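First up is the structure itself, then whatever we jot down about it.
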Amino acid sequence: MTKAEFERLRDYIYRESGIYFEDNKLYYVEKRVEQQMERYGYKDFTAYLGALRFDKTGRMRQDLLNSLTVNETYFFREYDQLKCFAEEVIPLWYQDGRRHAGVKIWCAGCSSGEEAYTLAIIMQEMAPNMPYEIHATDINTEVLRKAQQGIYEYYAIRQVPEAYLKRYFVPVGENYGVSSSLKRRIKFYQVNLMDDVAMQSMKCFHAIFCRNVLIYFDDLSRRRVALHFYQALEPGGYVFLGHSESMSRITTLFKPVRFKNAIIYQK
Amino acid sequence: MGELAELMEAFARACSATERVDVVAKIGTLGTREAVKALVQILAGEQDEMVREAVICSLLICNSEDVAGEVISLLRSEDPLQRSIASEVLTYKIDSRNIELFRELFKDSDRDVRVAAVHILGRSAYPGSLSLLREVAALDPDINVVGAAIEYIGELGSAEDAELLQDCGKRFNHPYLDFVIKRALSCLGVEPDKAVS
Amino acid sequence: MAHVLIVDDSSAVRAYHASILTKDGHQVDFADNGYEGLEKFYAADYDVVLVDINMPKMHGYDLIREIRKTEHGKKVGIVVVSTEAAQNDMVEAYKAGADLYLVKPVKPEDLERVCTMFSRAKGDSKVNSGGA
């Protein structure tokens with residue numbers, strides 16, 4: 001990939017996703033573009049770019065953006081945001097009097113459960129006397145089954161602080177099982193984010209975590225999901241997206257709020 | 001027609017923004033030009049952001065000819081919010097059936113309408129946008145319109161556009177255009193020093 | 001040296017303004033639409049924000065009003081850089097809270113002068129506040 005080709009593509013990627021690749025990321029982008037070109041059968045970059053730009057289905061764009069973003073899941077992923085949630089948002093909930101009324105948290109697109117359990121650990125540690133519900137949903141019943149099982153390899157728990165590992169996990173052979181007391185705190189069930197009826201039944205949440213999920217959707221779908229999220233939230237409720245995601249490419253419904261550790265979106 | 005009238009009544013009677021969102025979603029599924037007109041009408045008067053967002057979502061699923069026909073005029077609105085929404089929606093709605101409507105925009109005497117049209121074309125997934133952008137770059141009298149067109153030619157075009165870009169440089173004398181042309185040529189893999197006189 | 005945020009939906013215009021400012025030693029960030037401009041504004045301390053008016057997602061007037069609601073935003077220099085050149089466009093911009101209005105296409109010396117001016121003002125305010 002020449003520098004010129006990189007710059008052409010970079011502007012397009014930035015416009016579409018808000019992700020800007022600095023010059024030193026040329027190799028990173030090049031490798032992934034080569035994979036995409038092979039996948040779609042293009043030998044010439046200009047031809048690939050033309051097809052990408054004019055693909056009305058948006059499929060090629062989605063595939064490119066997916067390949068450019070790192071999409072692994074593990075406990076305590078994107079720590080700064082979780083720190084913001086733990087040290088800035090939860091205290092605000094106390095200030096708002098949620099200590100007695102409790103909070104509802106939605107982990108949308110929960111995959112195999114690492115994020116949902118992470119949130120439960122944070123609530124246990126930072127808000128031990130605040131009632132809470134965590135609703136963890138995904139379209140994929142297979143990953144939901146794995147989430148409910150709650151057994152993880154070392155790679156998934158490698159960022160879990162030692163104290164929490166002792167407190168919330170039990171050894172299961174060479175793996176780590178989430179304790180039954182933590183499992184009980186989460187409701188795992190299937191929801192398709194594109195199903196209007198199902199989405200309309202999701203109500204009264206105080207926070208929605210939908211991190212690195214919406215990047216898989218096209219523009220219209222993301223917009224529709226964001227509108228459902230807005231309706232699912234209580235006034236003042238928060239949306240947490242992945243750190244490389246931005247509402248600026250989706251909708252202006254939510255207000256960006258600056259916290260010390262992150263920018264979060266609020267209804 | 002009857003169904004739309006009922007829905008518009010329901011919209012007027014709605015007690016909450018949530019109810020209005022539901023009605024807007026139903027209007028969006030009607031698939032008629034009148035439904036699109038109704039949505040645009042709602043947009044003009046709606047203060048609630050959530051309902052406006054629902055209107056946008058509904059417009060995005062409506063037929064592209066109907067949407068282009070009704071929304072294009074919003075590009076001339078005094079209200080910057082309406083213009084902004086129109087630009088966003090129209091970017092997704094250009095196709096071979098309504099491209100002539102967009103071509104007409106380039107005859108508008110208002111330069112800002114023409115600049116908006118360039119950005120809509122340039123950001124769209126419509127394959128025919130490039131040839132229209134070339135025409136605009138070659139013929140528009142305004143430097144901002146031409147500069148915007150050149151930006152997208154640099155993204156979508158090829159080395160064969162070098163001569164067109166050089167000719168644009170001859171029509172205007174401003175460092176902005178020199179910069180934009182140089183940048184576009186560079187993106188197209190043409191060495192600017194060799195190309196620009 | 002000023003920390004400048006350029007908010008414009010044209011990548012070519014952003015690059016043009018950035019090329020002028022970085023030559024002068026200013027530090028530059030950018031945003032593609034008004035909403036992203038607000039996010040970026042929240043994320044860092046800027047001395048100057050260059051704002052286009054006609055942008056998707058959030059237009060320039062709304063962005064200016066939101067910036068001015070914040071503590072830091074009350075002090076930041078806001079320069080509208082727009083193709084709209086009518087008197088009432090300028091009035092609208094100043095009412096929203098802009099400090100200056102430049103008409104596109106901008107001449108390099110005009111942009112340089114404006115950012116240097118805000119940079120100097122920042123330096124003066126630091127002197128006045130004991131060099132914080």
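By convention in this document, the chains of the structure tokens carry letters A, B, ... by their order, each chain's residues are numbered from 1, and ligands are numbered from 1 in the order they are shown.
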
Inset, instruction - Excluding His100 of chain A and residues on its chain fewer than 3 positions from it, collect all residues at most 7 Å away from it, counting only C-alpha atoms, and give them as a ChimeraX atom specification. - result: /A:97,130-131

Inset, instruction - Using only C-alpha atoms, find which residues of chain B lie within 9 Å of chain C and jot them down as a PyMOL selection string. - result: chain B and resi 80-81+83-88+111-112+115-116+119+143-144+147-148+150-151+174-177+179-180+183-184

Dump as a short mmCIF file (atom, residue, chain, number, x, y, z; two decimals), in the first residue's frame, selection limited to C-alpha atoms:
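selection-v5.cif written:
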data_model
loop_
_atom_site.label_atom_id
_atom_site.label_comp_id
_atom_site.auth_asym_id
_atom_site.auth_seq_id
_atom_site.Cartn_x
_atom_site.Cartn_y
_atom_site.Cartn_z
CA PRO B 80 -29.39 24.99 10.04
CA LEU B 81 -30.77 21.96 11.84
CA ARG B 83 -30.20 21.60 6.48
CA SER B 84 -27.98 19.34 8.56
CA ILE B 85 -30.63 16.62 8.75
CA ALA B 86 -31.36 16.90 5.04
CA SER B 87 -27.67 16.44 4.22
CA GLU B 88 -27.44 13.36 6.38
CA ARG B 111 -23.26 28.49 -3.24
CA ASP B 112 -23.95 26.84 0.11
CA VAL B 115 -21.41 22.89 -1.48
CA ALA B 116 -23.89 20.80 0.50
CA HIS B 119 -20.67 16.70 0.17
CA ILE B 143 -13.98 28.19 -5.47
CA ASN B 144 -15.52 26.53 -2.39
CA GLY B 147 -12.57 22.73 -3.81
CA ALA B 148 -15.12 20.40 -2.25
CA ILE B 150 -11.83 18.11 -5.89
CA GLU B 151 -11.62 16.64 -2.40
CA HIS B 174 -5.90 31.08 -4.09
CA PRO B 175 -3.62 29.00 -1.84
CA TYR B 176 -6.64 26.99 -0.64
CA LEU B 177 -7.29 25.60 -4.08
CA PHE B 179 -3.45 23.02 -1.57
CA VAL B 180 -6.57 20.99 -2.30
CA ARG B 183 -3.52 16.95 -1.98
CA ALA B 184 -5.92 15.31 -4.42
#

Inset, instruction - Return as an MDAnalysis selection string the residues belonging to chain A that are within 12 Å of chain C, counting only C-alpha atoms. - result: chainID A and resid 7:8 10:20 245:265

Inset, instruction - Find the spatial neighbours of Asn71 of chain A, counting only C-alpha atoms, within a cut-off of 10 Å - ignore same-chain residues fewer than 5 positions away - and output them as a ChimeraX atom specification. - result: /A:66,211-213,215

Save out the residues we just selected, N, CA and C atoms, as a compact mmCIF listing (two decimals), in the first residue's frame.
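Ended up saving to out33.txt:
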# COMPACT_ATOMS: atom_id res chain seq x y z
N ASN A 66 -14.53 -3.96 10.79
CA ASN A 66 -14.37 -5.04 11.78
C ASN A 66 -12.93 -5.52 11.84
N ARG A 211 -20.39 -2.18 24.26
CA ARG A 211 -19.03 -1.83 23.84
C ARG A 211 -18.54 -2.77 22.75
N ASN A 212 -18.13 -2.16 21.67
CA ASN A 212 -17.59 -2.91 20.53
C ASN A 212 -18.62 -3.88 19.94
N VAL A 213 -19.85 -3.47 19.96
CA VAL A 213 -20.95 -4.25 19.38
C VAL A 213 -21.51 -3.54 18.16
N ILE A 215 -20.22 -1.55 16.14
CA ILE A 215 -19.34 -1.47 14.97
C ILE A 215 -19.70 -2.54 13.94

Legend entry - Spatial neighbours of Val48 of chain C, 12 Å, only C-alpha atoms, chain gap at least 3 places, as a ChimeraX atom specification: /C:1-7,21,26-30,41,44-45,51,64,67,72-80,98-100,111-112,114-122

Inset, instruction - Run DSSP on the backbone of this structure and report the residues of segment 87-254 of chain A it assigns to alpha helix (DSSP H), as a VMD selection string. - result: chain A and resid 90 to 95 98 to 101 114 to 126 141 to 149 154 to 157 162 to 168 180 to 183 196 to 200 219 to 232

Report as a Markdown table: every residue of chain A with an atom at most 12 Å from chain B, its closest pair of atoms, and their distance in Å to one decimal, counting only C-alpha atoms, with rows sorted by chain and ascending residue number.
| residue | atom | partner | partner_atom | distance |
| --- | --- | --- | --- | --- |
| A:Met1 | CA | B:Gly189 | CA | 11.4 |
| A:Thr2 | CA | B:Gly189 | CA | 8.5 |
| A:Lys3 | CA | B:Cys187 | CA | 8.3 |
| A:Ala4 | CA | B:Cys187 | CA | 4.5 |
| A:Glu5 | CA | B:Cys187 | CA | 6.4 |
| A:Phe6 | CA | B:Cys187 | CA | 8.5 |
| A:Glu7 | CA | B:Cys187 | CA | 6.7 |
| A:Arg8 | CA | B:Glu155 | CA | 5.6 |
| A:Leu9 | CA | B:Glu155 | CA | 7.9 |
| A:Arg10 | CA | B:Glu155 | CA | 10.2 |
| A:Asp11 | CA | B:Glu155 | CA | 8.4 |
| A:Tyr12 | CA | B:Glu155 | CA | 8.1 |
| A:Ile13 | CA | B:Glu155 | CA | 11.7 |
| A:Arg15 | CA | B:Arg123 | CA | 8.8 |
| A:Glu16 | CA | B:Arg123 | CA | 9.3 |
| A:Phe45 | CA | B:Ser158 | CA | 11.4 |
| A:Thr46 | CA | B:Ser158 | CA | 8.0 |
| A:Ala47 | CA | B:Leu156 | CA | 10.1 |
| A:Tyr48 | CA | B:Leu156 | CA | 11.1 |
| A:Leu49 | CA | B:Leu156 | CA | 7.9 |
| A:Gly50 | CA | B:Leu156 | CA | 6.8 |
| A:Ala51 | CA | B:Pro127 | CA | 9.1 |
| A:Leu52 | CA | B:Ala125 | CA | 8.7 |
| A:Arg53 | CA | B:Ala125 | CA | 5.8 |
| A:Phe54 | CA | B:Ala125 | CA | 4.3 |
| A:Asp55 | CA | B:Ala125 | CA | 6.4 |
| A:Lys56 | CA | B:Ala125 | CA | 5.9 |
| A:Thr57 | CA | B:Ala125 | CA | 9.3 |
| A:Gly58 | CA | B:Ala125 | CA | 8.8 |
| A:Met60 | CA | B:Ala125 | CA | 11.8 |
| A:Arg61 | CA | B:Ala125 | CA | 10.8 |
| A:Asp196 | CA | B:Ala25 | CA | 10.3 |
| A:Val197 | CA | B:Asp22 | CA | 11.4 |
| A:Gln200 | CA | B:Asp22 | CA | 10.3 |
| A:Asp218 | CA | B:Tyr92 | CA | 11.7 |
| A:Asp219 | CA | B:Tyr92 | CA | 9.6 |
| A:Leu220 | CA | B:Cys57 | CA | 6.9 |
| A:Ser221 | CA | B:Cys57 | CA | 8.9 |
| A:Arg222 | CA | B:Cys57 | CA | 10.1 |
| A:Arg223 | CA | B:Cys57 | CA | 7.0 |
| A:Arg224 | CA | B:Cys57 | CA | 6.6 |
| A:Val225 | CA | B:Cys57 | CA | 10.4 |
| A:Ala226 | CA | B:Glu53 | CA | 9.6 |
| A:Leu227 | CA | B:Met50 | CA | 7.2 |
| A:His228 | CA | B:Ala54 | CA | 9.8 |
| A:Phe229 | CA | B:Met50 | CA | 10.9 |
| A:Tyr230 | CA | B:Met50 | CA | 7.8 |
| A:Gln231 | CA | B:Thr18 | CA | 7.7 |
| A:Ala232 | CA | B:Thr18 | CA | 10.9 |
| A:Arg249 | CA | B:Glu88 | CA | 10.9 |
| A:Ile250 | CA | B:Glu53 | CA | 10.6 |
| A:Thr251 | CA | B:Glu53 | CA | 7.8 |
| A:Thr252 | CA | B:Glu49 | CA | 8.4 |
| A:Leu253 | CA | B:Glu49 | CA | 6.4 |
| A:Phe254 | CA | B:Glu49 | CA | 9.5 |
| A:Lys255 | CA | B:Glu49 | CA | 11.4 |
| A:Lys267 | CA | B:Met50 | CA | 10.3 |

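Atom CA of Gly102 of chain A to atom CA of Tyr132 of chain A spans 5.2 Å [interatomic distance, one decimal].
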
Legend entry - Counting only C-alpha atoms, the residue of C:Asp8, C:Glu92, C:Glu71, C:Glu109 that sits nearest Val49 of chain C: C:Asp8

Legend entry - Residue list (strand (DSSP E or B), DSSP) for segment 62-245 of chain A, as number ranges by chain: A: 103-108, 132-138, 151-152, 169-172, 175-178, 186-190, 205-210, 233-241

Output of the above residues as a compact mmCIF listing (two decimals), in the first residue's frame, restricted to N, CA and C atoms:
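Once written, result.txt looks like this:
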# COMPACT_ATOMS: atom_id res chain seq x y z
N VAL A 103 -30.35 0.16 40.98
CA VAL A 103 -30.09 0.50 39.59
C VAL A 103 -30.24 -0.73 38.70
N LYS A 104 -30.56 -0.46 37.44
CA LYS A 104 -30.64 -1.53 36.44
C LYS A 104 -29.59 -1.26 35.38
N ILE A 105 -28.80 -2.27 35.10
CA ILE A 105 -27.73 -2.13 34.13
C ILE A 105 -27.96 -3.14 33.01
N TRP A 106 -27.77 -2.68 31.78
CA TRP A 106 -27.95 -3.57 30.63
C TRP A 106 -26.61 -3.73 29.94
N CYS A 107 -26.20 -4.98 29.80
CA CYS A 107 -24.99 -5.29 29.07
C CYS A 107 -25.46 -5.84 27.72
N ALA A 108 -25.49 -4.96 26.73
CA ALA A 108 -26.11 -5.31 25.44
C ALA A 108 -25.06 -5.89 24.49
N TYR A 132 -29.04 -3.95 42.80
CA TYR A 132 -28.84 -3.77 41.37
C TYR A 132 -29.29 -5.01 40.61
N GLU A 133 -29.60 -4.78 39.35
CA GLU A 133 -29.89 -5.87 38.41
C GLU A 133 -28.97 -5.69 37.23
N ILE A 134 -28.39 -6.77 36.76
CA ILE A 134 -27.64 -6.71 35.51
C ILE A 134 -28.34 -7.63 34.51
N HIS A 135 -28.77 -7.01 33.42
CA HIS A 135 -29.38 -7.77 32.34
C HIS A 135 -28.34 -7.90 31.24
N ALA A 136 -27.96 -9.13 30.93
CA ALA A 136 -26.93 -9.35 29.92
C ALA A 136 -27.54 -10.09 28.75
N THR A 137 -27.56 -9.44 27.61
CA THR A 137 -28.27 -10.03 26.47
C THR A 137 -27.36 -10.19 25.26
N ASP A 138 -27.71 -11.13 24.42
CA ASP A 138 -26.99 -11.34 23.17
C ASP A 138 -27.95 -12.03 22.20
N ILE A 151 -17.35 -20.30 32.88
CA ILE A 151 -16.02 -20.90 33.07
C ILE A 151 -15.09 -20.32 32.02
N TYR A 152 -13.93 -19.83 32.47
CA TYR A 152 -13.04 -19.09 31.58
C TYR A 152 -11.61 -19.57 31.67
N PHE A 169 -13.96 -16.08 42.06
CA PHE A 169 -13.74 -17.19 41.15
C PHE A 169 -13.36 -18.44 41.93
N VAL A 170 -13.68 -19.59 41.33
CA VAL A 170 -13.23 -20.86 41.91
C VAL A 170 -12.50 -21.62 40.82
N PRO A 171 -11.49 -22.40 41.21
CA PRO A 171 -10.78 -23.16 40.16
C PRO A 171 -11.68 -24.26 39.60
N VAL A 172 -11.61 -24.41 38.27
CA VAL A 172 -12.33 -25.50 37.62
C VAL A 172 -11.32 -26.17 36.70
N ASN A 175 -9.05 -24.06 34.56
CA ASN A 175 -9.79 -22.85 34.24
C ASN A 175 -10.35 -22.18 35.50
N TYR A 176 -11.10 -21.13 35.26
CA TYR A 176 -11.63 -20.33 36.36
C TYR A 176 -13.14 -20.23 36.22
N GLY A 177 -13.81 -20.58 37.30
CA GLY A 177 -15.28 -20.53 37.25
C GLY A 177 -15.78 -19.37 38.09
N VAL A 178 -16.74 -18.66 37.58
CA VAL A 178 -17.34 -17.56 38.34
C VAL A 178 -18.13 -18.18 39.50
N ILE A 186 -26.74 -11.95 37.76
CA ILE A 186 -26.92 -11.55 36.37
C ILE A 186 -28.01 -12.37 35.70
N LYS A 187 -28.84 -11.66 34.92
CA LYS A 187 -29.86 -12.37 34.13
C LYS A 187 -29.34 -12.40 32.68
N PHE A 188 -29.07 -13.60 32.20
CA PHE A 188 -28.63 -13.74 30.81
C PHE A 188 -29.85 -14.17 29.99
N TYR A 189 -30.10 -13.48 28.88
CA TYR A 189 -31.17 -13.92 27.99
C TYR A 189 -30.97 -13.36 26.59
N GLN A 190 -31.72 -13.93 25.67
CA GLN A 190 -31.51 -13.56 24.27
C GLN A 190 -32.31 -12.31 23.91
N PHE A 205 -33.58 1.45 32.47
CA PHE A 205 -32.18 1.19 32.80
C PHE A 205 -31.46 2.48 33.19
N HIS A 206 -30.46 2.31 34.03
CA HIS A 206 -29.66 3.46 34.46
C HIS A 206 -28.33 3.50 33.74
N ALA A 207 -27.92 2.37 33.18
CA ALA A 207 -26.70 2.35 32.38
C ALA A 207 -26.80 1.24 31.35
N ILE A 208 -26.31 1.51 30.16
CA ILE A 208 -26.24 0.50 29.12
C ILE A 208 -24.79 0.40 28.67
N PHE A 209 -24.25 -0.81 28.71
CA PHE A 209 -22.91 -1.06 28.18
C PHE A 209 -23.10 -1.78 26.85
N CYS A 210 -22.62 -1.13 25.81
CA CYS A 210 -22.73 -1.75 24.49
C CYS A 210 -21.40 -1.48 23.80
N LEU A 233 -33.53 3.90 28.51
CA LEU A 233 -32.86 4.53 29.64
C LEU A 233 -33.77 5.44 30.44
N GLU A 234 -33.51 5.47 31.74
CA GLU A 234 -34.13 6.49 32.57
C GLU A 234 -33.46 7.83 32.23
N PRO A 235 -34.14 8.96 32.44
CA PRO A 235 -33.48 10.26 32.24
C PRO A 235 -32.19 10.30 33.06
N GLY A 236 -31.13 10.79 32.46
CA GLY A 236 -29.84 10.82 33.16
C GLY A 236 -29.06 9.52 33.04
N GLY A 237 -29.65 8.52 32.40
CA GLY A 237 -28.96 7.23 32.24
C GLY A 237 -27.79 7.35 31.28
N TYR A 238 -26.86 6.42 31.41
CA TYR A 238 -25.61 6.49 30.64
C TYR A 238 -25.51 5.36 29.60
N VAL A 239 -24.81 5.69 28.50
CA VAL A 239 -24.44 4.66 27.53
C VAL A 239 -22.92 4.62 27.47
N PHE A 240 -22.38 3.43 27.57
CA PHE A 240 -20.95 3.23 27.45
C PHE A 240 -20.70 2.49 26.13
N LEU A 241 -19.94 3.15 25.23
CA LEU A 241 -19.54 2.47 24.00
C LEU A 241 -18.07 2.07 24.13

Inset, instruction - Determine, counting only C-alpha atoms, which protein, DNA and RNA residues have an atom within 8 Å of an atom of Phe11 of chain B; residues of the same chain fewer than 6 positions away are not included. Present the result as a PyMOL selection string. - result: chain B and resi 19-20+23-24
